[in-house]
>>> print(open('run_37.pdb').read())   # PDB, C-alpha atoms, pLDDT in the B column
ATOM      1  CA  MET C 129      86.145  43.578  84.459  1.00 40.00           C
ATOM      2  CA  ILE C 130      89.038  45.938  84.906  1.00 40.00           C
ATOM      3  CA  ARG C 131      89.032  47.620  88.273  1.00 43.00           C
ATOM      4  CA  ALA C 132      90.261  51.159  88.625  1.00 42.00           C
ATOM      5  CA  PRO C 133      93.353  51.456  90.787  1.00 42.00           C
ATOM      6  CA  PRO C 134      92.638  52.588  94.339  1.00 42.00           C
ATOM      7  CA  THR C 135      92.805  56.319  95.010  1.00 39.00           C
ATOM      8  CA  PRO C 136      96.022  57.048  96.851  1.00 39.00           C
ATOM      9  CA  ALA C 137      95.592  58.414 100.332  1.00 37.00           C
ATOM     10  CA  LYS C 138      96.166  62.145 100.670  1.00 35.00           C
ATOM     11  CA  LEU C 139      99.314  63.068 102.461  1.00 31.00           C
ATOM     12  CA  TYR C 140      98.651  65.308 105.445  1.00 29.00           C
ATOM     13  CA  VAL C 141     101.284  67.949 105.914  1.00 31.00           C
ATOM     14  CA  PRO C 142     100.839  70.014 109.051  1.00 32.00           C
ATOM     15  CA  THR C 143     101.187  73.779 108.717  1.00 32.00           C
ATOM     16  CA  ILE C 144     104.061  75.109 110.728  1.00 31.00           C
ATOM     17  CA  VAL C 145     103.343  78.506 112.236  1.00 34.00           C
ATOM     18  CA  ARG C 146     106.151  80.640 113.569  1.00 39.00           C
ATOM     19  CA  LYS C 147     105.875  81.662 117.185  1.00 38.00           C
ATOM     20  CA  ASN C 148     103.985  84.945 117.578  1.00 45.00           C
ATOM     21  CA  SER C 149     102.915  84.917 113.930  1.00 49.00           C
ATOM     22  CA  LEU C 150      99.312  85.045 112.862  1.00 51.00           C
ATOM     23  CA  PRO C 151      97.549  81.923 111.595  1.00 48.00           C
ATOM     24  CA  SER C 152      96.861  81.756 107.878  1.00 47.00           C
ATOM     25  CA  ILE C 153      93.876  83.885 106.912  1.00 44.00           C
ATOM     26  CA  THR C 154      93.967  83.416 103.166  1.00 46.00           C
ATOM     27  CA  CYS C 155      90.264  82.532 103.063  1.00 46.00           C
ATOM     28  CA  VAL C 156      89.108  84.798 105.881  1.00 52.00           C
ATOM     29  CA  MET C 157      87.596  87.855 104.214  1.00 68.00           C
ATOM     30  CA  HIS C 158      84.598  88.651 106.412  1.00 93.00           C
ATOM     31  CA  VAL C 159      84.398  92.379 107.067  1.00 97.00           C
ATOM     32  CA  GLN C 160      82.947  93.317 110.427  1.00 98.00           C
ATOM     33  CA  VAL C 161      81.316  96.736 110.814  1.00 98.00           C
ATOM     34  CA  ILE C 162      81.787  98.311 114.240  1.00 98.00           C
ATOM     35  CA  ASP C 163      79.615 101.264 115.215  1.00 98.00           C
ATOM     36  CA  ARG C 164      82.029 103.731 116.780  1.00 98.00           C
ATOM     37  CA  ARG C 165      79.261 105.507 118.734  1.00 98.00           C
ATOM     38  CA  GLY C 166      79.074 102.690 121.248  1.00 97.00           C
ATOM     39  CA  ILE C 167      82.204 100.671 120.612  1.00 98.00           C
ATOM     40  CA  GLN C 168      82.879  97.908 123.136  1.00 98.00           C
ATOM     41  CA  GLU C 169      86.184  97.874 124.985  1.00 98.00           C
ATOM     42  CA  SER C 170      87.108  94.488 123.505  1.00 97.00           C
ATOM     43  CA  ASP C 171      86.689  95.834 119.963  1.00 98.00           C
ATOM     44  CA  ALA C 172      88.552  99.027 120.836  1.00 98.00           C
ATOM     45  CA  ARG C 173      91.416  96.920 122.212  1.00 98.00           C
ATOM     46  CA  ALA C 174      91.613  94.795 119.062  1.00 98.00           C
ATOM     47  CA  ILE C 175      91.808  97.916 116.898  1.00 98.00           C
ATOM     48  CA  ALA C 176      94.224  99.692 119.233  1.00 98.00           C
ATOM     49  CA  GLU C 177      96.615  96.733 119.265  1.00 98.00           C
ATOM     50  CA  LEU C 178      96.677  96.692 115.465  1.00 98.00           C
ATOM     51  CA  LEU C 179      97.187 100.456 115.162  1.00 98.00           C
ATOM     52  CA  CYS C 180     100.016 100.415 117.694  1.00 98.00           C
ATOM     53  CA  THR C 181     101.685  97.566 115.806  1.00 98.00           C
ATOM     54  CA  VAL C 182     101.480  99.307 112.440  1.00 98.00           C
ATOM     55  CA  TRP C 183     102.070 102.880 113.650  1.00 97.00           C
ATOM     56  CA  PRO C 184     104.027 102.849 116.921  1.00 97.00           C
ATOM     57  CA  ARG C 185     104.415 106.327 118.396  1.00 95.00           C
ATOM     58  CA  PRO C 186     106.155 107.508 121.562  1.00 95.00           C
ATOM     59  CA  GLY C 187     103.620 108.071 124.312  1.00 93.00           C
ATOM     60  CA  CYS C 188     100.820 106.451 122.330  1.00 96.00           C
ATOM     61  CA  THR C 189      99.926 103.113 123.875  1.00 98.00           C
ATOM     62  CA  VAL C 190      97.178 100.578 123.449  1.00 98.00           C
ATOM     63  CA  GLU C 191      95.529 101.924 126.589  1.00 98.00           C
ATOM     64  CA  THR C 192      95.609 105.557 125.451  1.00 98.00           C
ATOM     65  CA  ARG C 193      94.131 104.614 122.081  1.00 98.00           C
ATOM     66  CA  ILE C 194      91.373 102.628 123.791  1.00 98.00           C
ATOM     67  CA  ALA C 195      90.531 105.577 126.023  1.00 98.00           C
ATOM     68  CA  GLU C 196      90.245 107.858 122.984  1.00 97.00           C
ATOM     69  CA  MET C 197      88.047 105.445 121.037  1.00 98.00           C
ATOM     70  CA  LEU C 198      85.627 104.870 123.897  1.00 98.00           C
ATOM     71  CA  VAL C 199      84.653 108.557 124.008  1.00 97.00           C
ATOM     72  CA  ALA C 200      85.383 109.834 120.492  1.00 97.00           C
ATOM     73  CA  TRP C 201      81.922 109.438 118.919  1.00 98.00           C
ATOM     74  CA  ARG C 202      79.708 108.922 121.946  1.00 97.00           C
ATOM     75  CA  ASP C 203      77.834 112.222 121.376  1.00 96.00           C
ATOM     76  CA  TYR C 204      77.340 111.894 117.624  1.00 98.00           C
ATOM     77  CA  ARG C 205      73.904 113.225 116.618  1.00 96.00           C
ATOM     78  CA  GLY C 206      74.185 113.337 112.844  1.00 97.00           C
ATOM     79  CA  PRO C 207      72.244 111.385 110.212  1.00 98.00           C
ATOM     80  CA  GLU C 208      71.853 107.724 111.107  1.00 98.00           C
ATOM     81  CA  VAL C 209      73.124 106.505 107.735  1.00 98.00           C
ATOM     82  CA  GLN C 210      76.381 108.390 108.255  1.00 98.00           C
ATOM     83  CA  PHE C 211      77.203 106.882 111.624  1.00 98.00           C
ATOM     84  CA  PRO C 212      80.982 106.640 112.194  1.00 98.00           C
ATOM     85  CA  ARG C 213      82.277 103.122 111.754  1.00 98.00           C
ATOM     86  CA  SER C 214      85.368 100.972 111.769  1.00 98.00           C
ATOM     87  CA  LEU C 215      85.682  98.127 109.287  1.00 98.00           C
ATOM     88  CA  ILE C 216      87.875  95.256 110.401  1.00 98.00           C
ATOM     89  CA  VAL C 217      88.936  91.759 109.429  1.00 98.00           C
ATOM     90  CA  ARG C 218      89.804  89.377 112.250  1.00 97.00           C
ATOM     91  CA  SER C 219      91.939  86.292 112.515  1.00 94.00           C
ATOM     92  CA  ASP C 220      91.698  84.221 115.669  1.00 88.00           C
ATOM     93  CA  ARG C 221      89.902  87.149 117.375  1.00 88.00           C
ATOM     94  CA  ARG C 222      92.696  89.558 116.507  1.00 95.00           C
ATOM     95  CA  ALA C 223      92.114  92.506 114.176  1.00 98.00           C
ATOM     96  CA  VAL C 224      94.458  92.097 111.221  1.00 98.00           C
ATOM     97  CA  ALA C 225      93.089  94.821 108.932  1.00 98.00           C
ATOM     98  CA  HIS C 226      91.260  98.067 109.663  1.00 98.00           C
ATOM     99  CA  ALA C 227      89.745 101.125 108.019  1.00 98.00           C
ATOM    100  CA  GLU C 228      87.622 103.893 109.475  1.00 98.00           C
ATOM    101  CA  ILE C 229      85.124 106.077 107.650  1.00 98.00           C
ATOM    102  CA  SER C 230      83.272 108.817 109.492  1.00 98.00           C
ATOM    103  CA  PRO C 231      81.271 111.954 108.678  1.00 98.00           C
ATOM    104  CA  ARG C 232      83.130 115.243 108.401  1.00 98.00           C
ATOM    105  CA  MET C 233      81.531 118.555 107.457  1.00 98.00           C
ATOM    106  CA  ILE C 234      83.962 120.621 105.420  1.00 98.00           C
ATOM    107  CA  GLY C 235      83.838 124.059 103.857  1.00 98.00           C
ATOM    108  CA  THR C 236      84.123 124.304 100.069  1.00 98.00           C
ATOM    109  CA  SER C 237      83.589 126.851  97.310  1.00 97.00           C
ATOM    110  CA  ILE C 238      80.038 125.506  96.919  1.00 96.00           C
ATOM    111  CA  GLY C 239      79.211 125.548 100.624  1.00 98.00           C
ATOM    112  CA  LYS C 240      79.317 123.055 103.465  1.00 98.00           C
ATOM    113  CA  VAL C 241      79.574 119.394 102.444  1.00 98.00           C
ATOM    114  CA  THR C 242      79.608 116.292 104.640  1.00 98.00           C
ATOM    115  CA  ILE C 243      82.151 113.874 103.252  1.00 98.00           C
ATOM    116  CA  GLY C 244      83.248 110.400 104.322  1.00 98.00           C
ATOM    117  CA  ALA C 245      86.578 110.865 106.085  1.00 99.00           C
ATOM    118  CA  LEU C 246      88.665 107.772 105.393  1.00 99.00           C
ATOM    119  CA  ALA C 247      91.404 107.077 107.934  1.00 98.00           C
ATOM    120  CA  GLY C 248      93.298 104.361 109.768  1.00 98.00           C
ATOM    121  CA  VAL C 249      93.690 102.073 106.758  1.00 98.00           C
ATOM    122  CA  CYS C 250      96.211  99.420 107.727  1.00 98.00           C
ATOM    123  CA  THR C 251      97.007  95.706 107.677  1.00 98.00           C
ATOM    124  CA  HIS C 252      99.057  93.707 110.165  1.00 98.00           C
ATOM    125  CA  PRO C 253     102.532  92.980 108.721  1.00 97.00           C
ATOM    126  CA  ASP C 254     101.904  89.222 108.936  1.00 96.00           C
ATOM    127  CA  ALA C 255      98.665  89.506 106.941  1.00 96.00           C
ATOM    128  CA  ARG C 256      99.750  91.669 104.030  1.00 96.00           C
ATOM    129  CA  GLY C 257      99.557  90.588 100.422  1.00 96.00           C
ATOM    130  CA  ARG C 258      96.137  88.959 100.773  1.00 95.00           C
ATOM    131  CA  GLY C 259      93.937  91.774  99.508  1.00 96.00           C
ATOM    132  CA  LEU C 260      92.520  92.753 102.886  1.00 98.00           C
ATOM    133  CA  GLY C 261      93.249  96.452 102.414  1.00 97.00           C
ATOM    134  CA  VAL C 262      91.519  96.419  99.040  1.00 98.00           C
ATOM    135  CA  ARG C 263      88.475  94.752 100.532  1.00 97.00           C
ATOM    136  CA  LEU C 264      88.169  97.251 103.378  1.00 98.00           C
ATOM    137  CA  VAL C 265      88.658 100.351 101.235  1.00 98.00           C
ATOM    138  CA  ARG C 266      86.084  99.090  98.757  1.00 98.00           C
ATOM    139  CA  GLU C 267      83.635  98.583 101.609  1.00 98.00           C
ATOM    140  CA  ALA C 268      84.296 102.139 102.772  1.00 98.00           C
ATOM    141  CA  PHE C 269      83.894 103.561  99.269  1.00 98.00           C
ATOM    142  CA  ARG C 270      80.601 101.683  98.955  1.00 98.00           C
ATOM    143  CA  LEU C 271      79.143 104.358 101.255  1.00 98.00           C
ATOM    144  CA  VAL C 272      79.866 106.864  98.503  1.00 98.00           C
ATOM    145  CA  ASP C 273      78.558 104.580  95.757  1.00 98.00           C
ATOM    146  CA  ASN C 274      75.228 104.161  97.576  1.00 98.00           C
ATOM    147  CA  GLY C 275      74.800 107.899  98.211  1.00 98.00           C
ATOM    148  CA  THR C 276      75.532 107.975 101.942  1.00 98.00           C
ATOM    149  CA  TYR C 277      78.330 110.475 101.199  1.00 98.00           C
ATOM    150  CA  PRO C 278      78.924 112.521  98.028  1.00 98.00           C
ATOM    151  CA  PHE C 279      82.693 112.013  98.312  1.00 98.00           C
ATOM    152  CA  SER C 280      85.357 110.435 100.445  1.00 98.00           C
ATOM    153  CA  LEU C 281      88.272 112.731 101.263  1.00 98.00           C
ATOM    154  CA  PHE C 282      91.515 111.461 102.758  1.00 98.00           C
ATOM    155  CA  GLN C 283      95.268 111.957 102.911  1.00 98.00           C
ATOM    156  CA  ASN C 284      97.884 109.527 101.758  1.00 96.00           C
ATOM    157  CA  TYR C 285     101.576 109.156 101.090  1.00 97.00           C
ATOM    158  CA  ALA C 286     102.739 109.247  97.467  1.00 97.00           C
ATOM    159  CA  ASP C 287     104.045 105.673  97.611  1.00 97.00           C
ATOM    160  CA  ASN C 288     100.506 104.409  98.195  1.00 96.00           C
ATOM    161  CA  GLN C 289      98.791 106.695  95.691  1.00 98.00           C
ATOM    162  CA  PRO C 290      98.578 104.014  92.942  1.00 98.00           C
ATOM    163  CA  PHE C 291      96.767 101.687  95.373  1.00 98.00           C
ATOM    164  CA  TYR C 292      93.927 104.168  95.790  1.00 98.00           C
ATOM    165  CA  GLU C 293      93.910 105.189  92.140  1.00 98.00           C
ATOM    166  CA  LYS C 294      93.252 101.568  91.159  1.00 98.00           C
ATOM    167  CA  LEU C 295      90.209 101.680  93.449  1.00 98.00           C
ATOM    168  CA  GLY C 296      88.814 104.765  91.706  1.00 98.00           C
ATOM    169  CA  ALA C 297      90.243 107.677  93.703  1.00 98.00           C
ATOM    170  CA  ARG C 298      92.389 110.570  92.500  1.00 98.00           C
ATOM    171  CA  ALA C 299      94.752 113.172  93.898  1.00 98.00           C
ATOM    172  CA  ILE C 300      93.562 116.765  94.303  1.00 98.00           C
ATOM    173  CA  ASP C 301      95.530 120.013  94.478  1.00 97.00           C
ATOM    174  CA  ASN C 302      93.132 122.144  96.547  1.00 98.00           C
ATOM    175  CA  ARG C 303      94.614 124.254  99.308  1.00 98.00           C
ATOM    176  CA  ILE C 304      93.492 122.644 102.580  1.00 98.00           C
ATOM    177  CA  VAL C 305      93.184 124.583 105.832  1.00 98.00           C
ATOM    178  CA  ASN C 306      91.624 124.312 109.279  1.00 98.00           C
ATOM    179  CA  SER C 307      89.834 127.563 110.106  1.00 98.00           C
ATOM    180  CA  ILE C 308      89.447 126.627 113.787  1.00 97.00           C
ATOM    181  CA  GLY C 309      93.049 125.517 114.311  1.00 97.00           C
ATOM    182  CA  VAL C 310      95.787 127.357 116.187  1.00 97.00           C
ATOM    183  CA  ASP C 311      97.261 128.263 112.804  1.00 97.00           C
ATOM    184  CA  PRO C 312      94.187 128.513 110.545  1.00 97.00           C
ATOM    185  CA  GLN C 313      96.254 128.686 107.366  1.00 94.00           C
ATOM    186  CA  LYS C 314      98.382 125.618 108.061  1.00 97.00           C
ATOM    187  CA  CYS C 315      97.406 122.441 106.234  1.00 98.00           C
ATOM    188  CA  PRO C 316      96.047 119.987 108.818  1.00 98.00           C
ATOM    189  CA  PHE C 317      97.013 116.998 106.661  1.00 98.00           C
ATOM    190  CA  TRP C 318     100.544 115.715 107.215  1.00 97.00           C
ATOM    191  CA  ALA C 319     100.871 113.221 104.340  1.00 98.00           C
ATOM    192  CA  ASP C 320     102.061 114.025 100.803  1.00 95.00           C
ATOM    193  CA  VAL C 321      98.811 113.717  98.906  1.00 98.00           C
ATOM    194  CA  ALA C 322      95.160 114.590  99.425  1.00 98.00           C
ATOM    195  CA  MET C 323      92.767 112.328  97.514  1.00 98.00           C
ATOM    196  CA  VAL C 324      89.064 112.033  96.791  1.00 98.00           C
ATOM    197  CA  TYR C 325      86.778 109.250  95.711  1.00 98.00           C
ATOM    198  CA  PRO C 326      85.243 108.946  93.177  1.00 98.00           C
ATOM    199  CA  ALA C 327      87.719 110.214  90.619  1.00 98.00           C
ATOM    200  CA  GLY C 328      85.141 110.904  87.923  1.00 96.00           C
ATOM    201  CA  LYS C 329      82.759 113.102  89.910  1.00 97.00           C
ATOM    202  CA  ARG C 330      83.215 116.874  89.883  1.00 97.00           C
ATOM    203  CA  TRP C 331      85.042 117.900  93.039  1.00 98.00           C
ATOM    204  CA  PRO C 332      84.793 121.549  94.210  1.00 98.00           C
ATOM    205  CA  SER C 333      87.665 123.803  93.175  1.00 97.00           C
ATOM    206  CA  GLY C 334      89.343 126.284  95.488  1.00 98.00           C
ATOM    207  CA  GLU C 335      90.138 126.146  99.185  1.00 98.00           C
ATOM    208  CA  ILE C 336      88.937 123.272 101.361  1.00 98.00           C
ATOM    209  CA  ASP C 337      88.369 123.978 105.046  1.00 98.00           C
ATOM    210  CA  LEU C 338      88.505 120.783 107.113  1.00 98.00           C
ATOM    211  CA  CYS C 339      86.863 122.666 110.012  1.00 98.00           C
ATOM    212  CA  GLY C 340      88.934 120.568 112.383  1.00 98.00           C
ATOM    213  CA  PRO C 341      92.220 118.674 112.698  1.00 98.00           C
ATOM    214  CA  GLY C 342      93.602 116.298 110.121  1.00 98.00           C
ATOM    215  CA  TYR C 343      92.698 112.624 110.203  1.00 98.00           C
TER
END
>>> encode(input="run_37.pdb", output="structure tokens")
Amino acid sequence: MIRAPPTPAKLYVPTIVRKNSLPSITCVMHVQVIDRRGIQESDARAIAELLCTVWPRPGCTVETRIAEMLVAWRDYRGPEVQFPRSLIVRSDRRAVAHAEISPRMIGTSIGKVTIGALAGVCTHPDARGRGLGVRLVREAFRLVDNGTYPFSLFQNYADNQPFYEKLGARAIDNRIVNSIGVDPQKCPFWADVAMVYPAGKRWPSGEIDLCGPGY
């Protein structure tokens, strides 16, 4: 009888992680939904640390962001299905990707419409290239697909426009204002492009009143 040669032992090669870098999260794709109406301080801190890493701003600290998040949606009394939420992916308890979708009543040529306001989409620099942003935006857009919102409306820079177009969104050219702002005729969005999801559904023409500041 011919015996098969023994299976060679697998060589174990330890993964070397740079100091201060995030551990590999290639297989970590669990999306956690955080209800912003009663967000815990620990969750607010995880999100705030990520936002401050991706978008550092003078005078805007982790602590100031936490303070804002803890009170922002506490008095929400809208439809339960439209509760404001953050979607995050964690690695070793740290938030490495985030997106927020919340209800926003806007004025349109066909009347008031509550849309899903998409904001805060970001990924930690050490976790990019792994599809986390795609996963989170798809989860947010699912609230449109299931009828929770008729549309998602958001702003975006032109460089990232193809990313959202591949996920089924499109740019719009409506004039956007904030009727309750200091300058009611000034566009409250600061990025290059306003976009809506889904691309194929008929979006109202004419002026869009955000009825509040940009997001």
>>> closest_residue(input="run_37.pdb", among="C:Ala286, C:Ile194, C:Ala255, C:Leu338", to="Val217 in chain C", atoms="only C-alpha atoms")
C:Ala255
>>> resolve_selection(input="run_37.pdb", expression="the PyMOL selection byres ((chain C and resi 231) around 7)", output="PyMOL selection string")
chain C and resi 210+212+230+232-233+242-245
>>> resolve_selection(input="run_37.pdb", expression="the PyMOL selection byres ((chain C and resi 343) around 8)", output="JSON, numbers by chain")
{"C": [245, 246, 247, 282, 283, 317, 341, 342]}
>>> closest_residue(input="run_37.pdb", among="C:Cys250, C:Ile308, C:Cys188, C:Cys315", to="Ile175 in chain C", atoms="all atoms listed in the file")
C:Cys250
>>> closest_residue(input="run_37.pdb", among="C:Lys240, C:Asn284, C:Ile300, C:Leu179", to="Trp318 in chain C", atoms="only C-alpha atoms")
C:Asn284
>>> residues_around(input="run_37.pdb", residues="range 270-272 of chain C", least_positions_apart="3", cutoff="10 Å", atoms="all atoms listed in the file", output="ChimeraX atom specification")
/C:209-210,229,243-244,264-267,275-280,325-326
>>> closest_residue(input="run_37.pdb", among="C:His252, C:Leu281, C:Ile167, C:Gly334", to="Asn302 in chain C", atoms="all atoms listed in the file")
C:Gly334
>>> closest_residue(input="run_37.pdb", among="C:Thr189, C:Gln160, C:Asn288, C:Gln168", to="Ala225 in chain C", atoms="all atoms listed in the file")
C:Gln160
>>> atom_distance(input="run_37.pdb", atom1="CA of Asn274 in chain C", atom2="CA of Gly328 in chain C")
15.4 Å
>>> residues_around(input="run_37.pdb", residues="Asp163 in chain C", least_positions_apart="5", cutoff="8 Å", atoms="all atoms listed in the file", output="list in words")
Phe211, Pro212, Arg213 and Ser214 of chain C
>>> closest_residue(input="run_37.pdb", among="C:Thr192, C:Leu260, C:Arg221, C:Ile234", to="Cys180 in chain C", atoms="all atoms listed in the file")
C:Thr192
>>> resolve_selection(input="run_37.pdb", expression="the PyMOL selection byres ((chain C and resi 236) around 8)", output="VMD selection string")
chain C and resid 234 to 235 237 to 241 332 to 337
>>> write_last_selection(input="run_37.pdb", atoms="C-alpha atoms", output="CSV table (one decimal), in the coordinates of the input")
chain,number,residue,atom,x,y,z
C,234,ILE,CA,84.0,120.6,105.4
C,235,GLY,CA,83.8,124.1,103.9
C,237,SER,CA,83.6,126.9,97.3
C,238,ILE,CA,80.0,125.5,96.9
C,239,GLY,CA,79.2,125.5,100.6
C,240,LYS,CA,79.3,123.1,103.5
C,241,VAL,CA,79.6,119.4,102.4
C,332,PRO,CA,84.8,121.5,94.2
C,333,SER,CA,87.7,123.8,93.2
C,334,GLY,CA,89.3,126.3,95.5
C,335,GLU,CA,90.1,126.1,99.2
C,336,ILE,CA,88.9,123.3,101.4
C,337,ASP,CA,88.4,124.0,105.0
>>> axis_aligned_box(input="run_37.pdb", around="range 220-230 of chain C", padding_each_side="5 Å", output="lines of an AutoDock Vina configuration file")
center_x = 88.9
center_y = 96.5
center_z = 112.5
size_x = 21.2
size_y = 34.6
size_z = 19.7
>>> residues_around(input="run_37.pdb", residues="Arg263 in chain C", least_positions_apart="6", cutoff="12 Å", atoms="all atoms listed in the file", output="count of residues only")
20
>>> atom_distance(input="run_37.pdb", atom1="CA of Arg303 in chain C", atom2="CA of Tyr285 in chain C")
16.7 Å
>>> residues_around(input="run_37.pdb", residues="Gly296 in chain C", least_positions_apart="2", cutoff="6 Å", atoms="all atoms listed in the file", output="PyMOL selection string")
chain C and resi 293-294+326-327
>>> atom_distance(input="run_37.pdb", atom1="CA of Ala299 in chain C", atom2="CA of Pro316 in chain C")
16.5 Å
>>> decode(input="run_37.pdb", residues="range 221-247 of chain C", atoms="C-alpha atoms", output="PDB file, in the first residue's frame")
ATOM      1  CA  ARG C 221     -14.601  48.771  20.104  1.00  0.00           C
ATOM      2  CA  ARG C 222     -13.611  51.734  17.959  1.00  0.00           C
ATOM      3  CA  ALA C 223     -15.959  53.136  15.315  1.00  0.00           C
ATOM      4  CA  VAL C 224     -14.193  52.865  11.969  1.00  0.00           C
ATOM      5  CA  ALA C 225     -17.084  53.742   9.644  1.00  0.00           C
ATOM      6  CA  HIS C 226     -20.199  55.852  10.152  1.00  0.00           C
ATOM      7  CA  ALA C 227     -23.293  57.154   8.398  1.00  0.00           C
ATOM      8  CA  GLU C 228     -26.306  58.978   9.771  1.00  0.00           C
ATOM      9  CA  ILE C 229     -29.804  59.054   8.324  1.00  0.00           C
ATOM     10  CA  SER C 230     -32.519  61.106   9.984  1.00  0.00           C
ATOM     11  CA  PRO C 231     -35.945  62.533   9.127  1.00  0.00           C
ATOM     12  CA  ARG C 232     -36.112  66.001   7.613  1.00  0.00           C
ATOM     13  CA  MET C 233     -39.309  67.710   6.480  1.00  0.00           C
ATOM     14  CA  ILE C 234     -38.616  69.834   3.425  1.00  0.00           C
ATOM     15  CA  GLY C 235     -40.720  72.105   1.258  1.00  0.00           C
ATOM     16  CA  THR C 236     -41.149  71.172  -2.408  1.00  0.00           C
ATOM     17  CA  SER C 237     -43.311  72.120  -5.375  1.00  0.00           C
ATOM     18  CA  ILE C 238     -45.671  69.278  -4.413  1.00  0.00           C
ATOM     19  CA  GLY C 239     -45.859  70.178  -0.730  1.00  0.00           C
ATOM     20  CA  LYS C 240     -44.074  69.108   2.428  1.00  0.00           C
ATOM     21  CA  VAL C 241     -42.113  65.851   2.197  1.00  0.00           C
ATOM     22  CA  THR C 242     -40.168  64.029   4.907  1.00  0.00           C
ATOM     23  CA  ILE C 243     -36.971  62.708   3.399  1.00  0.00           C
ATOM     24  CA  GLY C 244     -34.099  60.680   4.830  1.00  0.00           C
ATOM     25  CA  ALA C 245     -31.274  63.153   5.402  1.00  0.00           C
ATOM     26  CA  LEU C 246     -28.015  61.298   4.821  1.00  0.00           C
ATOM     27  CA  ALA C 247     -24.978  62.803   6.542  1.00  0.00           C
TER      28      ALA C 247
END
